[in-house]
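Student: Data file entry31.tsv (TSV, N, CA and C atoms) is appended below.
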chain	number	residue	atom	x	y	z
A	1	MET	N	-17.63	-18.27	-21.58
A	1	MET	CA	-18.00	-18.69	-20.25
A	1	MET	C	-16.77	-18.81	-19.34
A	2	GLU	N	-15.67	-19.33	-19.86
A	2	GLU	CA	-14.46	-19.48	-19.04
A	2	GLU	C	-13.92	-18.13	-18.62
A	3	VAL	N	-14.00	-17.12	-19.49
A	3	VAL	CA	-13.51	-15.79	-19.15
A	3	VAL	C	-14.32	-15.23	-17.98
A	4	ALA	N	-15.60	-15.40	-18.00
A	4	ALA	CA	-16.45	-14.90	-16.91
A	4	ALA	C	-16.08	-15.57	-15.59
A	5	LEU	N	-15.77	-16.85	-15.61
A	5	LEU	CA	-15.36	-17.54	-14.40
A	5	LEU	C	-14.03	-17.01	-13.89
A	6	TYR	N	-13.09	-16.75	-14.80
A	6	TYR	CA	-11.79	-16.23	-14.43
A	6	TYR	C	-11.93	-14.85	-13.79
A	7	ILE	N	-12.77	-14.00	-14.35
A	7	ILE	CA	-12.96	-12.66	-13.82
A	7	ILE	C	-13.52	-12.73	-12.40
A	8	GLY	N	-14.33	-13.72	-12.12
A	8	GLY	CA	-14.88	-13.87	-10.79
A	8	GLY	C	-13.83	-14.15	-9.73
A	9	TYR	N	-12.67	-14.65	-10.15
A	9	TYR	CA	-11.59	-14.97	-9.21
A	9	TYR	C	-10.55	-13.86	-9.10
A	10	MET	N	-10.75	-12.75	-9.77
A	10	MET	CA	-9.79	-11.65	-9.70
A	10	MET	C	-9.77	-11.08	-8.29
A	11	ALA	N	-8.61	-10.68	-7.86
A	11	ALA	CA	-8.45	-10.14	-6.51
A	11	ALA	C	-9.23	-8.85	-6.35
A	12	ARG	N	-9.85	-8.71	-5.22
A	12	ARG	CA	-10.56	-7.48	-4.89
A	12	ARG	C	-9.98	-6.97	-3.58
A	13	PHE	N	-9.59	-5.72	-3.58
A	13	PHE	CA	-8.97	-5.15	-2.40
A	13	PHE	C	-9.88	-4.10	-1.79
A	14	THR	N	-9.84	-3.99	-0.49
A	14	THR	CA	-10.61	-2.98	0.22
A	14	THR	C	-9.72	-1.77	0.46
A	15	HIS	N	-10.19	-0.62	0.00
A	15	HIS	CA	-9.47	0.64	0.20
A	15	HIS	C	-10.39	1.57	0.98
A	16	PRO	N	-10.00	1.93	2.20
A	16	PRO	CA	-10.89	2.76	3.02
A	16	PRO	C	-10.98	4.19	2.52
A	17	ARG	N	-12.06	4.84	2.90
A	17	ARG	CA	-12.14	6.28	2.68
A	17	ARG	C	-11.18	6.90	3.69
A	18	LEU	N	-10.40	7.87	3.27
A	18	LEU	CA	-9.38	8.43	4.17
A	18	LEU	C	-9.99	9.11	5.39
A	19	GLU	N	-11.20	9.65	5.25
A	19	GLU	CA	-11.82	10.28	6.42
A	19	GLU	C	-12.19	9.26	7.49
A	20	ASP	N	-12.20	7.98	7.13
A	20	ASP	CA	-12.48	6.92	8.10
A	20	ASP	C	-11.23	6.35	8.76
A	21	VAL	N	-10.07	6.79	8.33
A	21	VAL	CA	-8.80	6.27	8.86
A	21	VAL	C	-8.37	7.12	10.06
A	22	PRO	N	-8.26	6.51	11.24
A	22	PRO	CA	-7.80	7.27	12.41
A	22	PRO	C	-6.28	7.46	12.38
A	23	LEU	N	-5.83	8.49	13.05
A	23	LEU	CA	-4.41	8.81	13.09
A	23	LEU	C	-3.58	7.67	13.64
A	24	ASP	N	-4.06	6.98	14.68
A	24	ASP	CA	-3.27	5.90	15.27
A	24	ASP	C	-3.03	4.76	14.27
A	25	LEU	N	-3.97	4.49	13.38
A	25	LEU	CA	-3.78	3.46	12.37
A	25	LEU	C	-2.74	3.89	11.35
A	26	ALA	N	-2.78	5.15	10.96
A	26	ALA	CA	-1.79	5.68	10.01
A	26	ALA	C	-0.39	5.62	10.63
A	27	LEU	N	-0.28	6.01	11.88
A	27	LEU	CA	1.03	5.98	12.56
A	27	LEU	C	1.53	4.56	12.75
A	28	HIS	N	0.63	3.63	13.07
A	28	HIS	CA	1.01	2.23	13.21
A	28	HIS	C	1.57	1.70	11.89
A	29	ALA	N	0.93	2.03	10.79
A	29	ALA	CA	1.39	1.56	9.48
A	29	ALA	C	2.77	2.12	9.14
A	30	LEU	N	3.03	3.34	9.53
A	30	LEU	CA	4.31	3.99	9.23
A	30	LEU	C	5.40	3.66	10.25
A	31	ALA	N	5.04	3.02	11.37
A	31	ALA	CA	6.01	2.74	12.43
A	31	ALA	C	6.94	1.58	12.12
A	32	ASP	N	6.51	0.66	11.28
A	32	ASP	CA	7.34	-0.49	10.95
A	32	ASP	C	8.40	-0.10	9.91
A	33	PRO	N	9.66	-0.43	10.14
A	33	PRO	CA	10.72	-0.04	9.19
A	33	PRO	C	10.52	-0.59	7.78
A	34	ASN	N	10.01	-1.81	7.66
A	34	ASN	CA	9.78	-2.37	6.33
A	34	ASN	C	8.66	-1.64	5.60
A	35	ARG	N	7.57	-1.36	6.31
A	35	ARG	CA	6.46	-0.64	5.68
A	35	ARG	C	6.87	0.78	5.33
A	36	LEU	N	7.65	1.40	6.20
A	36	LEU	CA	8.13	2.75	5.92
A	36	LEU	C	9.03	2.76	4.69
A	37	ALA	N	9.87	1.75	4.56
A	37	ALA	CA	10.73	1.65	3.36
A	37	ALA	C	9.88	1.45	2.11
A	38	MET	N	8.80	0.70	2.23
A	38	MET	CA	7.91	0.49	1.09
A	38	MET	C	7.24	1.80	0.69
A	39	VAL	N	6.78	2.56	1.66
A	39	VAL	CA	6.16	3.86	1.38
A	39	VAL	C	7.17	4.81	0.75
A	40	ALA	N	8.40	4.79	1.25
A	40	ALA	CA	9.44	5.64	0.68
A	40	ALA	C	9.71	5.28	-0.78
A	41	ARG	N	9.75	4.00	-1.09
A	41	ARG	CA	9.95	3.57	-2.49
A	41	ARG	C	8.79	4.01	-3.36
A	42	LEU	N	7.59	3.89	-2.84
A	42	LEU	CA	6.41	4.32	-3.60
A	42	LEU	C	6.38	5.84	-3.77
A	43	ALA	N	6.90	6.57	-2.79
A	43	ALA	CA	6.95	8.03	-2.90
A	43	ALA	C	7.91	8.49	-4.00
A	44	GLU	N	8.91	7.66	-4.28
A	44	GLU	CA	9.91	8.00	-5.29
A	44	GLU	C	9.46	7.67	-6.71
A	45	THR	N	8.50	6.79	-6.84
A	45	THR	CA	8.06	6.36	-8.16
A	45	THR	C	6.54	6.40	-8.22
A	46	GLU	N	6.01	6.33	-9.41
A	46	GLU	CA	4.56	6.44	-9.57
A	46	GLU	C	3.83	5.20	-9.11
A	47	ARG	N	4.35	4.03	-9.47
A	47	ARG	CA	3.69	2.77	-9.13
A	47	ARG	C	4.68	1.63	-9.14
A	48	LEU	N	4.41	0.63	-8.31
A	48	LEU	CA	5.28	-0.53	-8.20
A	48	LEU	C	4.46	-1.79	-8.06
A	49	SER	N	4.99	-2.89	-8.59
A	49	SER	CA	4.35	-4.17	-8.33
A	49	SER	C	4.62	-4.55	-6.88
A	50	CYS	N	3.93	-5.54	-6.40
A	50	CYS	CA	4.10	-5.95	-4.99
A	50	CYS	C	5.54	-6.34	-4.68
A	51	THR	N	6.15	-7.11	-5.57
A	51	THR	CA	7.52	-7.55	-5.30
A	51	THR	C	8.51	-6.41	-5.42
A	52	ASP	N	8.27	-5.46	-6.31
A	52	ASP	CA	9.16	-4.30	-6.44
A	52	ASP	C	9.04	-3.36	-5.26
A	53	ALA	N	7.92	-3.38	-4.59
A	53	ALA	CA	7.71	-2.51	-3.43
A	53	ALA	C	8.43	-3.02	-2.19
A	54	ALA	N	8.81	-4.31	-2.20
A	54	ALA	CA	9.46	-4.90	-1.04
A	54	ALA	C	10.81	-4.23	-0.79
A	55	PRO	N	11.11	-3.93	0.48
A	55	PRO	CA	12.38	-3.28	0.79
A	55	PRO	C	13.60	-4.18	0.61
A	56	CYS	N	13.39	-5.50	0.64
A	56	CYS	CA	14.49	-6.43	0.42
A	56	CYS	C	13.92	-7.76	-0.07
A	57	ASP	N	14.78	-8.60	-0.62
A	57	ASP	CA	14.33	-9.87	-1.18
A	57	ASP	C	14.07	-10.94	-0.11
A	58	SER	N	14.53	-10.70	1.10
A	58	SER	CA	14.43	-11.74	2.13
A	58	SER	C	13.08	-11.77	2.85
A	59	ILE	N	12.17	-10.87	2.51
A	59	ILE	CA	10.87	-10.87	3.16
A	59	ILE	C	9.99	-11.95	2.53
A	60	PRO	N	9.45	-12.87	3.33
A	60	PRO	CA	8.56	-13.89	2.78
A	60	PRO	C	7.31	-13.24	2.17
A	61	LYS	N	6.75	-13.90	1.17
A	61	LYS	CA	5.57	-13.35	0.49
A	61	LYS	C	4.42	-13.13	1.44
A	62	SER	N	4.25	-14.01	2.41
A	62	SER	CA	3.14	-13.84	3.35
A	62	SER	C	3.33	-12.58	4.20
A	63	THR	N	4.57	-12.29	4.59
A	63	THR	CA	4.86	-11.09	5.36
A	63	THR	C	4.67	-9.85	4.51
A	64	LEU	N	5.13	-9.91	3.27
A	64	LEU	CA	4.95	-8.80	2.34
A	64	LEU	C	3.47	-8.53	2.13
A	65	SER	N	2.70	-9.57	1.96
A	65	SER	CA	1.26	-9.44	1.77
A	65	SER	C	0.61	-8.77	2.98
A	66	ASN	N	1.04	-9.14	4.18
A	66	ASN	CA	0.50	-8.53	5.40
A	66	ASN	C	0.88	-7.06	5.49
A	67	HIS	N	2.12	-6.72	5.15
A	67	HIS	CA	2.54	-5.31	5.15
A	67	HIS	C	1.68	-4.50	4.19
A	68	LEU	N	1.44	-5.02	3.00
A	68	LEU	CA	0.63	-4.31	2.01
A	68	LEU	C	-0.81	-4.17	2.50
A	69	LYS	N	-1.33	-5.18	3.16
A	69	LYS	CA	-2.68	-5.13	3.70
A	69	LYS	C	-2.80	-4.01	4.74
A	70	LEU	N	-1.80	-3.90	5.61
A	70	LEU	CA	-1.80	-2.85	6.63
A	70	LEU	C	-1.69	-1.46	6.01
A	71	LEU	N	-0.86	-1.33	4.98
A	71	LEU	CA	-0.74	-0.04	4.30
A	71	LEU	C	-2.04	0.35	3.60
A	72	ARG	N	-2.73	-0.64	3.02
A	72	ARG	CA	-4.03	-0.37	2.40
A	72	ARG	C	-5.04	0.05	3.45
A	73	ALA	N	-5.08	-0.66	4.58
A	73	ALA	CA	-6.03	-0.36	5.65
A	73	ALA	C	-5.82	1.04	6.22
A	74	ALA	N	-4.58	1.50	6.21
A	74	ALA	CA	-4.26	2.84	6.71
A	74	ALA	C	-4.48	3.92	5.66
A	75	GLY	N	-4.91	3.51	4.48
A	75	GLY	CA	-5.19	4.48	3.43
A	75	GLY	C	-3.97	5.01	2.72
A	76	LEU	N	-2.84	4.36	2.91
A	76	LEU	CA	-1.60	4.84	2.30
A	76	LEU	C	-1.40	4.40	0.86
A	77	ILE	N	-1.89	3.22	0.51
A	77	ILE	CA	-1.68	2.72	-0.85
A	77	ILE	C	-2.98	2.27	-1.48
A	78	ASP	N	-2.95	2.25	-2.78
A	78	ASP	CA	-4.04	1.73	-3.60
A	78	ASP	C	-3.46	0.57	-4.38
A	79	THR	N	-4.12	-0.58	-4.36
A	79	THR	CA	-3.65	-1.75	-5.08
A	79	THR	C	-4.67	-2.12	-6.14
A	80	THR	N	-4.19	-2.28	-7.37
A	80	THR	CA	-5.05	-2.69	-8.47
A	80	THR	C	-4.40	-3.87	-9.18
A	81	GLN	N	-5.22	-4.65	-9.84
A	81	GLN	CA	-4.71	-5.80	-10.57
A	81	GLN	C	-4.50	-5.40	-12.02
A	82	ALA	N	-3.33	-5.74	-12.56
A	82	ALA	CA	-2.99	-5.52	-13.96
A	82	ALA	C	-2.50	-6.85	-14.51
A	83	GLY	N	-3.41	-7.60	-15.09
A	83	GLY	CA	-3.05	-8.94	-15.54
A	83	GLY	C	-2.79	-9.82	-14.35
A	84	ARG	N	-1.59	-10.37	-14.29
A	84	ARG	CA	-1.22	-11.24	-13.17
A	84	ARG	C	-0.52	-10.49	-12.05
A	85	GLU	N	-0.24	-9.22	-12.25
A	85	GLU	CA	0.47	-8.44	-11.25
A	85	GLU	C	-0.48	-7.57	-10.43
A	86	MET	N	-0.07	-7.31	-9.22
A	86	MET	CA	-0.76	-6.36	-8.36
A	86	MET	C	0.09	-5.10	-8.34
A	87	ILE	N	-0.50	-3.99	-8.71
A	87	ILE	CA	0.22	-2.72	-8.80
A	87	ILE	C	-0.20	-1.83	-7.64
A	88	ASN	N	0.79	-1.28	-6.95
A	88	ASN	CA	0.56	-0.40	-5.81
A	88	ASN	C	0.93	1.03	-6.15
A	89	THR	N	0.08	1.95	-5.72
A	89	THR	CA	0.38	3.37	-5.86
A	89	THR	C	0.15	4.03	-4.51
A	90	LEU	N	0.92	5.06	-4.25
A	90	LEU	CA	0.79	5.80	-3.00
A	90	LEU	C	-0.37	6.79	-3.14
A	91	ARG	N	-1.25	6.80	-2.18
A	91	ARG	CA	-2.39	7.72	-2.19
A	91	ARG	C	-1.95	9.05	-1.56
A	92	ARG	N	-0.91	9.62	-2.12
A	92	ARG	CA	-0.23	10.77	-1.52
A	92	ARG	C	-1.15	11.98	-1.34
A	93	ALA	N	-1.82	12.40	-2.40
A	93	ALA	CA	-2.65	13.61	-2.31
A	93	ALA	C	-3.77	13.44	-1.29
A	94	GLU	N	-4.44	12.30	-1.33
A	94	GLU	CA	-5.53	12.04	-0.38
A	94	GLU	C	-5.02	11.96	1.05
A	95	PHE	N	-3.89	11.26	1.23
A	95	PHE	CA	-3.32	11.10	2.57
A	95	PHE	C	-2.86	12.45	3.12
A	96	ASP	N	-2.22	13.25	2.27
A	96	ASP	CA	-1.76	14.58	2.70
A	96	ASP	C	-2.93	15.50	3.05
A	97	GLN	N	-4.03	15.33	2.36
A	97	GLN	CA	-5.21	16.14	2.68
A	97	GLN	C	-5.78	15.74	4.04
A	98	ARG	N	-5.78	14.45	4.33
A	98	ARG	CA	-6.31	13.95	5.60
A	98	ARG	C	-5.38	14.26	6.76
A	99	PHE	N	-4.07	14.04	6.54
A	99	PHE	CA	-3.06	14.25	7.58
A	99	PHE	C	-1.97	15.18	7.03
A	100	PRO	N	-2.23	16.48	6.98
A	100	PRO	CA	-1.27	17.41	6.36
A	100	PRO	C	0.11	17.36	7.01
A	101	GLY	N	1.13	17.17	6.19
A	101	GLY	CA	2.51	17.19	6.64
A	101	GLY	C	3.01	15.92	7.29
A	102	LEU	N	2.14	14.99	7.63
A	102	LEU	CA	2.56	13.78	8.35
A	102	LEU	C	3.52	12.94	7.52
A	103	LEU	N	3.15	12.64	6.30
A	103	LEU	CA	3.99	11.78	5.48
A	103	LEU	C	5.34	12.43	5.18
A	104	ASP	N	5.33	13.73	4.89
A	104	ASP	CA	6.60	14.44	4.66
A	104	ASP	C	7.50	14.38	5.89
A	105	ALA	N	6.92	14.59	7.07
A	105	ALA	CA	7.71	14.58	8.31
A	105	ALA	C	8.28	13.19	8.58
A	106	VAL	N	7.47	12.18	8.41
A	106	VAL	CA	7.94	10.81	8.68
A	106	VAL	C	9.01	10.39	7.68
A	107	LEU	N	8.80	10.69	6.40
A	107	LEU	CA	9.79	10.31	5.39
A	107	LEU	C	11.10	11.09	5.55
A	108	ALA	N	11.00	12.35	5.94
A	108	ALA	CA	12.20	13.17	6.11
A	108	ALA	C	13.03	12.74	7.31
A	109	ASN	N	12.40	12.12	8.30
A	109	ASN	CA	13.09	11.74	9.53
A	109	ASN	C	13.30	10.25	9.68
A	110	ARG	N	13.13	9.50	8.60
A	110	ARG	CA	13.32	8.05	8.71
A	110	ARG	C	14.81	7.71	8.76
A	111	PRO	N	15.16	6.64	9.45
A	111	PRO	CA	16.56	6.24	9.53
A	111	PRO	C	17.11	5.89	8.15
A	112	ALA	N	18.34	6.20	7.94
A	112	ALA	CA	18.96	5.94	6.62
A	112	ALA	C	19.35	4.49	6.46
Translate the structure of the given file into structure tokens.

Tutor:
Amino acid sequence: MEVALYIGYMARFTHPRLEDVPLDLALHALADPNRLAMVARLAETERLSCTDAAPCDSIPKSTLSNHLKLLRAAGLIDTTQAGREMINTLRRAEFDQRFPGLLDAVLANRPA
């Protein structure tokens, strides 16, 4: 019985269908330097926990959570729960199909 109660409290994240994501939302998500750095880190690796995705240690958890929420809403990342950790993956293939070349162009031209 306790296990069933615990499962009821597991985090559930909303991931939009990419065909429902407008271009302005995708561009807004990629416009912030911290979110762009997070996407770049995810592009380099297969998956990262929420804290590993952060571009620096000085970002408060609430701000990091908001950045991840915006990236999810823009269809850029998928977040799943693995035990006590939240694991993020870049929805690269789906995003590239919806917005061909956009992510490559933005990542190639981001400030160093």

Student: Sorted by chain and rising residue number, list the residues of range 5-67 of chain A at most 6 Å from range 88-106 of chain A (counting all atoms listed in the file), each with its closest atom pair and distance in Å to one decimal, as a tab-separated table.

Tutor:
residue	atom	partner	partner_atom	distance
A:Leu42	C	A:Leu90	N	5.5
A:Glu46	C	A:Thr89	CA	5.1
A:Arg47	CA	A:Asn88	C	4.4
A:Leu48	C	A:Asn88	N	3.9
A:Ser49	N	A:Asn88	N	4.8
A:Cys50	N	A:Asn88	N	5.3

Student: What does the distance between CA of Thr63 in chain A and atom N of Asp24 in chain A come to in Å, to one decimal place?

Tutor: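 Interatomic distance, CA of Thr63 in chain A to atom N of Asp24 in chain A: 22.2 Å.
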
Student: Using all atoms listed in the file, list the residues that have an atom at most 8 Å from (3.7, 6.6, 8.3), coordinates as in the file, as an NGL selection string.

Tutor: :A and (25-32 or 35-36 or 39 or 102-103 or 106-107)

Student: Within 6 Å of range 69-72 of chain A, counting only N, CA and C atoms, which residues show up once you throw out same-chain ones fewer than 3 positions away? Write them as a short mmCIF file (atom, residue, chain, number, x, y, z; two decimals) with N, CA and C atoms, keeping the file's coordinate frame, please.

Tutor:
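Dumped to around-v4.cif:
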data_model
loop_
_atom_site.label_atom_id
_atom_site.label_comp_id
_atom_site.auth_asym_id
_atom_site.auth_seq_id
_atom_site.Cartn_x
_atom_site.Cartn_y
_atom_site.Cartn_z
N THR A 14 -9.84 -3.99 -0.49
CA THR A 14 -10.61 -2.98 0.22
C THR A 14 -9.72 -1.77 0.46
N HIS A 15 -10.19 -0.62 0.00
CA HIS A 15 -9.47 0.64 0.20
C HIS A 15 -10.39 1.57 0.98
N PRO A 16 -10.00 1.93 2.20
CA PRO A 16 -10.89 2.76 3.02
C PRO A 16 -10.98 4.19 2.52
N ALA A 29 0.93 2.03 10.79
CA ALA A 29 1.39 1.56 9.48
C ALA A 29 2.77 2.12 9.14
N LEU A 64 5.13 -9.91 3.27
CA LEU A 64 4.95 -8.80 2.34
C LEU A 64 3.47 -8.53 2.13
N SER A 65 2.70 -9.57 1.96
CA SER A 65 1.26 -9.44 1.77
C SER A 65 0.61 -8.77 2.98
N ASN A 66 1.04 -9.14 4.18
CA ASN A 66 0.50 -8.53 5.40
C ASN A 66 0.88 -7.06 5.49
N GLY A 75 -4.91 3.51 4.48
CA GLY A 75 -5.19 4.48 3.43
C GLY A 75 -3.97 5.01 2.72
N LEU A 76 -2.84 4.36 2.91
CA LEU A 76 -1.60 4.84 2.30
C LEU A 76 -1.40 4.40 0.86
N ILE A 77 -1.89 3.22 0.51
CA ILE A 77 -1.68 2.72 -0.85
C ILE A 77 -2.98 2.27 -1.48
N ASP A 78 -2.95 2.25 -2.78
CA ASP A 78 -4.04 1.73 -3.60
C ASP A 78 -3.46 0.57 -4.38
#

Student: Out of chain A, which residues get helix (DSSP H, G or I) from DSSP, as a VMD selection string?

Tutor: chain A and resid 2 to 8 18 to 20 23 to 31 33 to 44 50 to 53 61 to 73 92 to 98 102 to 108

Student: Can you work out the spacing between atom N of Pro33 in chain A and atom C of Thr80 in chain A in Å, to one decimal?

Tutor: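 Computing the Euclidean distance for atom N of Pro33 in chain A and atom C of Thr80 in chain A yields 24.1 Å.
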
Student: Tell me, in Å to one decimal, how far CA of Ala40 in chain A is from CA of Leu23 in chain A.

Tutor: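 Rounded to one decimal, the two atoms are 18.9 Å apart.
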
Student: As a list in words, please: all residues of chain A that backbone DSSP puts in strand (DSSP E).

Tutor: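 Assigned to strand (DSSP E), within chain A: Leu48, Ser49, Ile77, Asp78, Thr79, Thr80, Gln81, Ala82, Glu85, Met86, Ile87, Asn88, Thr89 and Leu90 of chain A.
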